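Here's protein_18.cif, which has mmCIF, C-alpha atoms:
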data_model
#
loop_
_atom_site.label_atom_id
_atom_site.label_comp_id
_atom_site.auth_asym_id
_atom_site.auth_seq_id
_atom_site.Cartn_x
_atom_site.Cartn_y
_atom_site.Cartn_z
CA MET T 1018 35.56 4.76 -13.89
CA LEU T 1019 32.43 6.35 -12.43
CA LYS T 1020 32.89 7.26 -8.78
CA VAL T 1021 29.75 6.99 -6.66
CA LEU T 1022 29.29 7.86 -2.98
CA VAL T 1023 26.41 6.18 -1.14
CA VAL T 1024 25.45 7.84 2.16
CA ASP T 1025 23.07 6.26 4.66
CA ASP T 1026 23.33 5.28 8.32
CA SER T 1027 21.56 2.01 7.49
CA LYS T 1028 23.63 -0.76 5.95
CA ILE T 1029 20.60 -2.41 4.34
CA ALA T 1030 19.60 0.92 2.79
CA ARG T 1031 23.11 1.38 1.34
CA MET T 1032 23.05 -2.20 0.05
CA GLY T 1033 19.67 -1.56 -1.60
CA VAL T 1034 21.03 1.45 -3.49
CA ILE T 1035 24.24 -0.38 -4.42
CA LYS T 1036 22.33 -3.42 -5.69
CA SER T 1037 20.22 -1.28 -8.05
CA LEU T 1038 23.25 0.79 -9.03
CA LYS T 1039 25.32 -2.24 -10.03
CA GLU T 1040 22.51 -3.53 -12.23
CA ILE T 1041 22.76 -0.30 -14.24
CA ALA T 1042 26.47 0.44 -13.91
CA PRO T 1043 28.41 -2.68 -12.91
CA ASP T 1044 31.85 -1.05 -13.04
CA VAL T 1045 31.45 1.82 -10.61
CA GLU T 1046 34.00 2.72 -7.96
CA LEU T 1047 31.99 2.76 -4.75
CA PHE T 1048 32.44 4.79 -1.60
CA GLN T 1049 30.20 4.57 1.43
CA ALA T 1050 29.51 6.93 4.33
CA THR T 1051 27.28 6.41 7.36
CA ASN T 1052 26.50 10.03 8.23
CA GLY T 1053 26.58 13.51 6.73
CA LEU T 1054 29.94 14.47 8.17
CA GLU T 1055 31.65 11.38 6.76
CA ALA T 1056 29.98 12.13 3.44
CA VAL T 1057 31.31 15.70 3.30
CA GLU T 1058 34.83 14.53 4.20
CA MET T 1059 34.69 11.74 1.63
CA TYR T 1060 33.31 14.06 -1.04
CA GLU T 1061 36.17 16.49 -0.49
CA LYS T 1062 38.75 13.69 -0.72
CA GLU T 1063 37.36 11.51 -3.52
CA ARG T 1064 35.26 13.93 -5.59
CA PRO T 1065 32.70 11.33 -6.75
CA GLN T 1066 30.62 12.20 -9.83
CA VAL T 1067 27.41 11.03 -8.12
CA VAL T 1068 26.21 11.06 -4.51
CA PHE T 1069 23.18 9.15 -3.19
CA LEU T 1070 22.29 10.89 0.07
CA ASP T 1071 19.88 9.99 2.89
CA LEU T 1072 18.38 12.80 5.00
CA THR T 1073 17.70 11.40 8.48
CA MET T 1074 21.11 10.47 9.87
CA PRO T 1075 23.05 10.87 13.13
CA VAL T 1076 26.02 13.25 13.59
CA MET T 1077 25.08 15.40 10.58
CA ASP T 1078 21.82 15.09 8.67
CA GLY T 1079 21.47 15.05 4.90
CA TYR T 1080 20.25 18.65 4.64
CA GLU T 1081 23.46 19.98 6.19
CA ALA T 1082 25.63 17.54 4.24
CA LEU T 1083 23.96 18.59 0.98
CA LYS T 1084 24.58 22.25 1.77
CA ARG T 1085 28.26 21.61 2.51
CA ILE T 1086 28.79 19.41 -0.56
CA ILE T 1087 27.29 22.12 -2.78
CA GLU T 1088 29.56 24.68 -1.08
CA ILE T 1089 32.54 22.49 -2.00
CA ASP T 1090 31.33 21.90 -5.56
CA LYS T 1091 28.32 23.71 -6.93
CA GLU T 1092 28.20 21.21 -9.83
CA ALA T 1093 27.92 18.21 -7.46
CA GLN T 1094 25.35 15.66 -8.61
CA VAL T 1095 23.48 14.71 -5.46
CA ILE T 1096 20.44 12.44 -5.56
CA VAL T 1097 18.55 12.40 -2.28
CA VAL T 1098 17.05 9.04 -1.30
CA SER T 1099 14.87 9.37 1.76
CA ALA T 1100 12.01 7.91 3.76
CA ASP T 1101 10.81 11.50 4.15
CA ILE T 1102 8.29 11.82 1.33
CA GLN T 1103 6.84 15.20 2.29
CA SER T 1104 6.59 17.57 -0.66
CA GLU T 1105 8.25 20.31 1.41
CA ALA T 1106 11.26 18.04 2.08
CA LYS T 1107 11.67 17.59 -1.66
CA LEU T 1108 11.34 21.33 -2.24
CA ARG T 1109 13.99 22.03 0.40
CA VAL T 1110 16.57 19.68 -1.09
CA LEU T 1111 15.93 20.86 -4.65
CA VAL T 1112 16.39 24.47 -3.54
CA ALA T 1113 19.58 23.41 -1.75
CA GLY T 1114 20.98 22.01 -4.99
CA ALA T 1115 20.07 18.32 -5.19
CA LYS T 1116 19.45 17.00 -8.70
CA ASN T 1117 16.38 15.12 -7.55
CA MET T 1118 14.84 13.25 -4.62
CA TYR T 1119 13.30 9.76 -4.51
CA PRO T 1120 11.46 7.84 -1.80
CA LYS T 1121 13.06 4.75 -0.32
CA PRO T 1122 13.54 2.03 -1.32
CA ILE T 1123 15.26 2.55 -4.68
CA ASN T 1124 14.68 -0.20 -7.23
CA HIS T 1125 15.99 -0.99 -10.72
CA GLU T 1126 13.40 1.13 -12.53
CA ILE T 1127 14.01 4.18 -10.39
CA MET T 1128 17.79 3.84 -10.76
CA MET T 1129 17.38 3.59 -14.53
CA HIS T 1130 15.23 6.73 -14.44
CA ILE T 1131 17.90 8.55 -12.42
CA PHE T 1132 20.63 7.64 -14.92
CA GLU T 1133 18.50 8.60 -17.88
CA ASN T 1134 16.97 11.80 -16.55
CA ASP T 1135 18.84 13.29 -13.62
CA LEU T 1136 22.54 12.69 -14.14
CA LEU T 1137 24.97 14.24 -16.58
CA LEU T 1138 27.68 11.62 -17.07
CA MET M 1396 13.22 -19.12 22.07
CA ASN M 1397 15.98 -16.89 20.68
CA LEU M 1398 14.82 -13.29 21.01
CA VAL M 1399 18.20 -11.69 20.32
CA PHE M 1400 18.52 -9.68 17.11
CA ASN M 1401 21.88 -9.48 15.38
CA GLU M 1402 23.24 -6.18 14.02
CA ASP M 1403 21.96 -6.73 10.47
CA GLN M 1404 18.48 -7.60 11.72
CA LEU M 1405 18.35 -4.51 13.93
CA ASP M 1406 19.62 -2.32 11.09
CA ALA M 1407 16.98 -3.70 8.73
CA LEU M 1408 14.16 -3.30 11.26
CA ARG M 1409 15.24 0.29 11.98
CA GLU M 1410 15.29 1.05 8.25
CA PHE M 1411 11.85 -0.50 7.62
CA MET M 1412 10.54 1.53 10.54
CA ASN M 1413 12.17 4.65 9.12
CA VAL M 1414 10.38 4.16 5.80
CA SER M 1415 7.11 3.56 7.67
CA ILE M 1416 7.50 6.69 9.80
CA GLY M 1417 8.28 8.64 6.63
CA ALA M 1418 4.99 7.58 5.08
CA ALA M 1419 3.09 8.44 8.27
CA THR M 1420 4.80 11.84 8.61
CA ALA M 1421 3.85 12.71 5.03
CA SER M 1422 0.20 11.76 5.67
CA LEU M 1423 0.12 13.89 8.81
CA ALA M 1424 1.88 16.76 7.03
CA ASP M 1425 -1.01 16.72 4.55
CA LEU M 1426 -3.57 16.59 7.36
CA LEU M 1427 -1.93 19.47 9.26
CA ASP M 1428 -0.67 21.36 6.23
CA ALA M 1429 2.68 21.52 7.99
CA PHE M 1430 6.22 20.16 7.83
CA GLY M 1431 7.25 17.37 10.20
CA THR M 1432 10.82 16.68 11.22
CA MET M 1433 11.77 13.01 11.12
CA HIS M 1434 13.81 11.36 13.86
CA ILE M 1435 15.81 8.14 13.81
CA PRO M 1436 13.77 5.28 15.34
CA LYS M 1437 15.10 3.45 18.39
CA ILE M 1438 14.75 -0.28 18.93
CA GLU M 1439 15.04 -1.97 22.29
CA ILE M 1440 14.15 -5.38 23.69
CA CYS M 1441 13.20 -5.40 27.35
CA ASN M 1442 11.41 -7.50 29.92
CA ALA M 1443 7.69 -6.79 30.15
CA HIS M 1444 7.90 -5.45 33.68
CA GLU M 1445 10.44 -2.84 32.53
CA LEU M 1446 8.10 -1.32 29.93
CA ALA M 1447 6.60 1.39 32.16
CA SER M 1448 9.98 2.68 33.27
CA LYS M 1449 11.30 2.59 29.68
CA ILE M 1450 8.40 4.75 28.52
CA GLU M 1451 8.62 7.09 31.50
CA ALA M 1452 12.30 7.65 30.71
CA THR M 1453 11.34 9.19 27.36
CA ILE M 1454 8.58 11.57 28.50
CA ASP M 1455 7.93 14.39 30.97
CA THR M 1456 6.64 12.53 34.02
CA ASN M 1457 5.04 15.66 35.51
CA SER M 1458 2.59 16.05 32.63
CA MET M 1459 -0.71 14.50 31.64
CA TYR M 1460 -0.85 12.50 28.43
CA TYR M 1461 -3.49 11.45 25.97
CA THR M 1462 -2.67 7.79 25.33
CA THR M 1463 -4.06 5.89 22.38
CA LYS M 1464 -3.55 2.15 22.15
CA GLN M 1465 -4.35 0.03 19.13
CA LEU M 1466 -3.85 -3.70 18.88
CA PHE M 1467 -3.05 -5.50 15.63
CA THR M 1468 -2.87 -9.21 14.92
CA GLY M 1469 -1.26 -11.39 12.29
CA LYS M 1470 2.15 -12.94 11.72
CA PHE M 1471 3.55 -9.71 13.14
CA GLY M 1472 1.09 -8.88 15.90
CA GLY M 1473 1.38 -6.34 18.68
CA GLU M 1474 0.26 -2.99 19.93
CA CYS M 1475 0.85 0.57 18.83
CA ILE M 1476 0.88 3.22 21.56
CA PHE M 1477 0.79 6.92 20.79
CA LEU M 1478 1.40 9.45 23.55
CA ILE M 1479 0.72 13.13 23.16
CA ARG M 1480 1.12 15.59 26.03
CA GLU M 1481 -2.01 17.50 27.04
CA ASP M 1482 -0.73 20.90 25.82
CA SER M 1483 0.42 19.41 22.54
CA ALA M 1484 -2.99 17.76 22.07
CA THR M 1485 -4.64 21.15 22.66
CA ASN M 1486 -2.38 22.67 20.00
CA LEU M 1487 -3.42 19.86 17.68
CA GLY M 1488 -7.11 20.65 18.31
CA LYS M 1489 -6.51 24.37 17.71
CA HIS M 1490 -4.60 23.75 14.52
CA LEU M 1491 -6.81 21.03 13.08
CA TYR M 1492 -10.10 22.83 13.71
CA SER M 1493 -8.77 26.41 13.41
CA ILE M 1494 -10.23 27.42 16.76
CA VAL M 1495 -8.69 29.22 19.74
CA THR M 1496 -10.12 27.09 22.55
CA PRO M 1497 -11.01 23.55 21.52
CA SER M 1498 -13.34 21.59 23.80
CA SER M 1499 -12.18 18.32 25.34
CA GLU M 1500 -14.41 16.50 22.83
CA GLU M 1501 -12.72 18.29 19.93
CA ILE M 1502 -9.28 17.47 21.35
CA ASN M 1503 -10.28 13.81 21.72
CA ASP M 1504 -11.50 13.75 18.12
CA ALA M 1505 -8.31 15.38 16.89
CA VAL M 1506 -6.08 12.93 18.77
CA ILE M 1507 -8.07 9.92 17.55
CA GLU M 1508 -7.96 11.22 13.97
CA LEU M 1509 -4.23 11.74 14.13
CA THR M 1510 -3.63 8.39 15.79
CA ASN M 1511 -5.72 6.52 13.24
CA ILE M 1512 -3.62 7.90 10.40
CA LEU M 1513 -0.39 7.48 12.30
CA THR M 1514 -0.74 3.90 13.51
CA SER M 1515 -2.43 2.52 10.42
CA THR M 1516 0.15 4.07 8.11
CA ILE M 1517 3.14 3.02 10.20
CA VAL M 1518 2.04 -0.55 10.85
CA SER M 1519 0.63 -1.10 7.34
CA ARG M 1520 3.80 0.21 5.73
CA LEU M 1521 6.01 -1.75 8.10
CA THR M 1522 4.17 -4.98 7.39
CA GLN M 1523 4.20 -4.20 3.66
CA GLU M 1524 7.98 -3.88 3.86
CA LEU M 1525 8.07 -7.22 5.67
CA GLY M 1526 5.77 -8.86 3.14
CA THR M 1527 2.94 -9.70 5.52
CA GLN M 1528 -0.44 -8.33 6.63
CA VAL M 1529 -2.15 -7.49 9.91
CA GLN M 1530 -5.66 -6.77 11.15
CA PHE M 1531 -6.36 -3.75 13.33
CA PHE M 1532 -8.59 -3.53 16.38
CA VAL M 1533 -10.44 -0.35 17.30
CA PRO M 1534 -8.12 2.08 19.13
CA TYR M 1535 -8.99 3.41 22.55
CA LEU M 1536 -8.02 6.71 24.10
CA HIS M 1537 -7.58 7.88 27.66
CA LEU M 1538 -6.06 10.83 29.46
CA SER M 1539 -3.76 9.89 32.30
CA ASP M 1540 -0.64 10.87 34.19
CA ALA M 1541 2.70 9.59 32.99
CA HIS M 1542 2.80 6.83 35.60
CA SER M 1543 -0.51 5.27 34.53
CA ILE M 1544 0.18 4.76 30.84
CA VAL M 1545 1.10 1.10 31.09
CA ASP M 1546 -1.49 -1.25 32.54
CA GLU M 1547 0.49 -3.97 34.32
CA GLU M 1548 -2.39 -6.42 33.89
CA GLU M 1549 -2.46 -5.87 30.14
CA ILE M 1550 1.19 -6.78 29.75
CA SER M 1551 1.22 -9.65 32.24
CA GLU M 1552 0.95 -12.19 29.39
CA TYR M 1553 4.16 -10.86 27.82
CA SER M 1554 7.66 -11.93 28.79
CA LYS M 1555 9.89 -10.02 26.38
CA ILE M 1556 8.78 -6.91 24.55
CA ILE M 1557 10.42 -5.23 21.62
CA ILE M 1558 9.96 -1.47 21.70
CA ILE M 1559 10.29 0.42 18.44
CA SER M 1560 9.99 4.09 19.27
CA THR M 1561 10.24 7.43 17.57
CA ILE M 1562 9.04 11.02 17.88
CA LEU M 1563 6.36 12.83 15.94
CA ASP M 1564 7.62 16.39 15.58
CA PHE M 1565 5.79 19.32 14.00
CA GLN M 1566 7.87 22.10 15.54
CA ASP M 1567 6.14 25.19 14.12
CA GLN M 1568 2.75 24.00 15.38
CA GLN M 1569 4.21 22.75 18.70
CA ILE M 1570 2.65 19.37 18.11
CA ASN M 1571 4.73 16.37 19.06
CA GLY M 1572 4.25 12.91 20.44
CA ASN M 1573 5.91 9.60 21.12
CA ILE M 1574 5.15 6.44 19.19
CA TYR M 1575 5.85 2.95 20.50
CA ILE M 1576 5.24 -0.33 18.71
CA LEU M 1577 5.24 -3.27 21.06
CA THR M 1578 5.43 -6.86 20.01
CA LYS M 1579 6.14 -9.95 22.03
CA ASP M 1580 7.54 -13.46 22.21
CA GLU M 1581 6.18 -15.47 19.23
CA ALA M 1582 5.70 -12.31 17.18
CA ILE M 1583 9.36 -11.42 17.75
CA GLU M 1584 10.35 -14.82 16.35
CA SER M 1585 8.11 -14.27 13.31
CA LEU M 1586 9.52 -10.78 12.90
CA LYS M 1587 13.07 -12.14 12.78
CA VAL M 1588 12.12 -14.65 10.08
CA LEU M 1589 10.48 -11.91 7.99
CA ILE M 1590 13.49 -9.64 8.41
CA ASP M 1591 15.91 -12.42 7.43
CA GLU M 1592 13.92 -13.00 4.24
CA LYS M 1593 14.21 -9.31 3.34
CA ILE M 1594 17.92 -9.25 4.15
CA GLU M 1595 18.48 -12.28 1.92
CA GLU M 1596 16.54 -10.55 -0.86
CA ILE M 1597 18.69 -7.40 -0.72
CA TYR M 1598 22.11 -8.86 0.16
CA GLY M 1599 21.65 -11.82 -2.18
#
Take the structure in this file and express it as structure tokens.
Amino acid sequence: MLKVLVVDDSKIARMGVIKSLKEIAPDVELFQATNGLEAVEMYEKERPQVVFLDLTMPVMDGYEALKRIIEIDKEAQVIVVSADIQSEAKLRVLVAGAKNMYPKPINHEIMMHIFENDLLL
Amino acid sequence: MNLVFNEDQLDALREFMNVSIGAATASLADLLDAFGTMHIPKIEICNAHELASKIEATIDTNSMYYTTKQLFTGKFGGECIFLIREDSATNLGKHLYSIVTPSSEEINDAVIELTNILTSTIVSRLTQELGTQVQFFVPYLHLSDAHSIVDEEEISEYSKIIIISTILDFQDQQINGNIYILTKDEAIESLKVLIDEKIEEIYG
């Protein structure tokens, strides 16, 4: 079963990603984290195939979490989902190893695009 | 009138604000040709007479501030306040007009320009997220000390105020400011209804 980690400090943001995700892949095993540190710890323990990662979070932000996840597994498939839509933010996360970055909120069409174009499953 | 937000409502409002700030930061990044760091928005409900002290607690009270206020009306009506410290406003003028010593008129223009983009993007995006629309009034700008930002007479008609605040932060250019969105009483009720509709839509 596909393991997916959804990381966001906002519950409604996590629910938005999960709702779109389940429309595309109803049988995923879901893990949730509310900050970057939790995400890194959960990634190390559960080794999900896909991570949806927010950037602006307390405790540890998404940039640092991305860096640490890639250090753990350079093949990690991290999709950044953020309110930060600056082109430089996207450049930074792509350089850091994210597969792609999308503006919030994620909907069905975007999730479909992610599965078809960004992920190797 | 129930003005208390539950955890899910606060979470949703914070997230909608986050998306709105993201859009505004990107617009300003284009204007300034710079990268802005985003900060997590804070939400607080207070009594109207506490507003001045709440704002003063978040700024340097020994400095002078350019304050821009812009009212908006509609189902979600209120006021957007943008504060930028005098030195930061000067940096904005220098950066925006590529000059070493901007005049006070150029600084005023730069602050107004930035505020127009900031408030219209934030409030428009926020109301778009909430599925409603607002109308904007013309913003007005003044330079004052930290203790004169809130006009007690202006807020005398309010009882409760919801403060949604965050920081504008372009570190390399040393340009930063504080953003507050104030809304009151009936608008808070309307806001809760709009948020509940969005929560229902996402949670199902």
As lines of an AutoDock Vina configuration file: centre and edge lengths in Å, one decimal, of the axis-aligned box holding region 1557-1561 of chain M with 6 Å per side:
center_x = 10.2
center_y = 1.1
center_z = 19.6
size_x = 12.5
size_y = 24.7
size_z = 16.1
note = The distance between CA of Thr1420 (chain M) and CA of Arg1480 (chain M) is 18.2 Å
query = How would you write, as a ChimeraX atom specification, the residues chosen by the PyMOL selection byres ((chain M) within 9 of (chain T)) on this structure?
reply = /M:1403,1406-1407,1409-1410,1413-1418,1420-1422,1424-1425,1429-1435,1594,1597-1598
Result set of the PyMOL selection byres ((chain T and resi 1053) around 10) on the coordinates above, as a PDB file with C-alpha atoms, in the frame of the given file:
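The new file result_22.pdb reads:
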ATOM      1  CA  VAL T1024      25.450   7.840   2.160  1.00  0.00           C
ATOM      2  CA  ASP T1025      23.070   6.260   4.660  1.00  0.00           C
ATOM      3  CA  ASP T1026      23.330   5.280   8.320  1.00  0.00           C
ATOM      4  CA  ALA T1050      29.510   6.930   4.330  1.00  0.00           C
ATOM      5  CA  THR T1051      27.280   6.410   7.360  1.00  0.00           C
ATOM      6  CA  ASN T1052      26.500  10.030   8.230  1.00  0.00           C
ATOM      7  CA  LEU T1054      29.940  14.470   8.170  1.00  0.00           C
ATOM      8  CA  GLU T1055      31.650  11.380   6.760  1.00  0.00           C
ATOM      9  CA  ALA T1056      29.980  12.130   3.440  1.00  0.00           C
ATOM     10  CA  VAL T1057      31.310  15.700   3.300  1.00  0.00           C
ATOM     11  CA  GLU T1058      34.830  14.530   4.200  1.00  0.00           C
ATOM     12  CA  MET T1059      34.690  11.740   1.630  1.00  0.00           C
ATOM     13  CA  LEU T1070      22.290  10.890   0.070  1.00  0.00           C
ATOM     14  CA  ASP T1071      19.880   9.990   2.890  1.00  0.00           C
ATOM     15  CA  LEU T1072      18.380  12.800   5.000  1.00  0.00           C
ATOM     16  CA  THR T1073      17.700  11.400   8.480  1.00  0.00           C
ATOM     17  CA  MET T1074      21.110  10.470   9.870  1.00  0.00           C
ATOM     18  CA  PRO T1075      23.050  10.870  13.130  1.00  0.00           C
ATOM     19  CA  VAL T1076      26.020  13.250  13.590  1.00  0.00           C
ATOM     20  CA  MET T1077      25.080  15.400  10.580  1.00  0.00           C
ATOM     21  CA  ASP T1078      21.820  15.090   8.670  1.00  0.00           C
ATOM     22  CA  GLY T1079      21.470  15.050   4.900  1.00  0.00           C
ATOM     23  CA  TYR T1080      20.250  18.650   4.640  1.00  0.00           C
ATOM     24  CA  GLU T1081      23.460  19.980   6.190  1.00  0.00           C
ATOM     25  CA  ALA T1082      25.630  17.540   4.240  1.00  0.00           C
ATOM     26  CA  LEU T1083      23.960  18.590   0.980  1.00  0.00           C
ATOM     27  CA  ARG T1085      28.260  21.610   2.510  1.00  0.00           C
ATOM     28  CA  ILE T1086      28.790  19.410  -0.560  1.00  0.00           C
TER      29      ILE T1086
END
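Picture a line from CA of Ile1454 (chain M) to CA of Thr1485 (chain M); it runs 17.3 Å.
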message = Evaluate the PyMOL selection byres ((chain T and resi 1067) around 9) against this structure - the residues, as a PyMOL selection string, please.
response = chain T and resi 1019-1023+1064-1066+1068-1069+1093-1096+1136+1138
task = Using CA of Ile1550 (chain M) and CA of Ile1570 (chain M) as the two end points, give the distance in Å to one decimal.
result = 28.7 Å
Need to verify the contact set: region 1459-1474 of chain M, 9 Å, only C-alpha atoms, exclusion of same-chain residues closer than 3 positions in sequence. Can you return it as a PDB file with C-alpha atoms, in the frame of the given file?
ATOM      1  CA  ASP M1455       7.930  14.390  30.970  1.00  0.00           C
ATOM      2  CA  THR M1456       6.640  12.530  34.020  1.00  0.00           C
ATOM      3  CA  PHE M1477       0.790   6.920  20.790  1.00  0.00           C
ATOM      4  CA  LEU M1478       1.400   9.450  23.550  1.00  0.00           C
ATOM      5  CA  ILE M1479       0.720  13.130  23.160  1.00  0.00           C
ATOM      6  CA  ARG M1480       1.120  15.590  26.030  1.00  0.00           C
ATOM      7  CA  GLU M1481      -2.010  17.500  27.040  1.00  0.00           C
ATOM      8  CA  ASP M1482      -0.730  20.900  25.820  1.00  0.00           C
ATOM      9  CA  ALA M1484      -2.990  17.760  22.070  1.00  0.00           C
ATOM     10  CA  ASN M1503     -10.280  13.810  21.720  1.00  0.00           C
ATOM     11  CA  VAL M1506      -6.080  12.930  18.770  1.00  0.00           C
ATOM     12  CA  ILE M1507      -8.070   9.920  17.550  1.00  0.00           C
ATOM     13  CA  THR M1510      -3.630   8.390  15.790  1.00  0.00           C
ATOM     14  CA  ASN M1511      -5.720   6.520  13.240  1.00  0.00           C
ATOM     15  CA  THR M1514      -0.740   3.900  13.510  1.00  0.00           C
ATOM     16  CA  VAL M1518       2.040  -0.550  10.850  1.00  0.00           C
ATOM     17  CA  THR M1522       4.170  -4.980   7.390  1.00  0.00           C
ATOM     18  CA  THR M1527       2.940  -9.700   5.520  1.00  0.00           C
ATOM     19  CA  GLN M1528      -0.440  -8.330   6.630  1.00  0.00           C
ATOM     20  CA  VAL M1529      -2.150  -7.490   9.910  1.00  0.00           C
ATOM     21  CA  GLN M1530      -5.660  -6.770  11.150  1.00  0.00           C
ATOM     22  CA  PHE M1531      -6.360  -3.750  13.330  1.00  0.00           C
ATOM     23  CA  PHE M1532      -8.590  -3.530  16.380  1.00  0.00           C
ATOM     24  CA  VAL M1533     -10.440  -0.350  17.300  1.00  0.00           C
ATOM     25  CA  PRO M1534      -8.120   2.080  19.130  1.00  0.00           C
ATOM     26  CA  TYR M1535      -8.990   3.410  22.550  1.00  0.00           C
ATOM     27  CA  LEU M1536      -8.020   6.710  24.100  1.00  0.00           C
ATOM     28  CA  HIS M1537      -7.580   7.880  27.660  1.00  0.00           C
ATOM     29  CA  LEU M1538      -6.060  10.830  29.460  1.00  0.00           C
ATOM     30  CA  SER M1539      -3.760   9.890  32.300  1.00  0.00           C
ATOM     31  CA  ASP M1540      -0.640  10.870  34.190  1.00  0.00           C
ATOM     32  CA  ALA M1541       2.700   9.590  32.990  1.00  0.00           C
ATOM     33  CA  ILE M1544       0.180   4.760  30.840  1.00  0.00           C
ATOM     34  CA  TYR M1575       5.850   2.950  20.500  1.00  0.00           C
ATOM     35  CA  ILE M1576       5.240  -0.330  18.710  1.00  0.00           C
ATOM     36  CA  LEU M1577       5.240  -3.270  21.060  1.00  0.00           C
ATOM     37  CA  THR M1578       5.430  -6.860  20.010  1.00  0.00           C
ATOM     38  CA  LYS M1579       6.140  -9.950  22.030  1.00  0.00           C
ATOM     39  CA  GLU M1581       6.180 -15.470  19.230  1.00  0.00           C
ATOM     40  CA  ALA M1582       5.700 -12.310  17.180  1.00  0.00           C
ATOM     41  CA  ILE M1583       9.360 -11.420  17.750  1.00  0.00           C
ATOM     42  CA  SER M1585       8.110 -14.270  13.310  1.00  0.00           C
ATOM     43  CA  LEU M1586       9.520 -10.780  12.900  1.00  0.00           C
ATOM     44  CA  LEU M1589      10.480 -11.910   7.990  1.00  0.00           C
TER      45      LEU M1589
END
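Closest approach to Asn1571 (chain M) from the set M:Cys1441, M:Met1412, M:Leu1509, M:Leu1446 is made by M:Leu1509, with distances taken over all atoms listed in the file.
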Compile the contact shell of Lys1587 (chain M) as a PDB file with C-alpha atoms, in the coordinates of the input: residues with an atom at most 9 Å away, counting all atoms listed in the file, same-chain residues fewer than 3 positions apart removed.
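Output below, filename selection_9.pdb:
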ATOM      1  CA  LEU M1398      14.820 -13.290  21.010  1.00  0.00           C
ATOM      2  CA  PHE M1400      18.520  -9.680  17.110  1.00  0.00           C
ATOM      3  CA  GLN M1404      18.480  -7.600  11.720  1.00  0.00           C
ATOM      4  CA  ALA M1582       5.700 -12.310  17.180  1.00  0.00           C
ATOM      5  CA  ILE M1583       9.360 -11.420  17.750  1.00  0.00           C
ATOM      6  CA  GLU M1584      10.350 -14.820  16.350  1.00  0.00           C
ATOM      7  CA  ILE M1590      13.490  -9.640   8.410  1.00  0.00           C
ATOM      8  CA  ASP M1591      15.910 -12.420   7.430  1.00  0.00           C
ATOM      9  CA  GLU M1592      13.920 -13.000   4.240  1.00  0.00           C
TER      10      GLU M1592
END
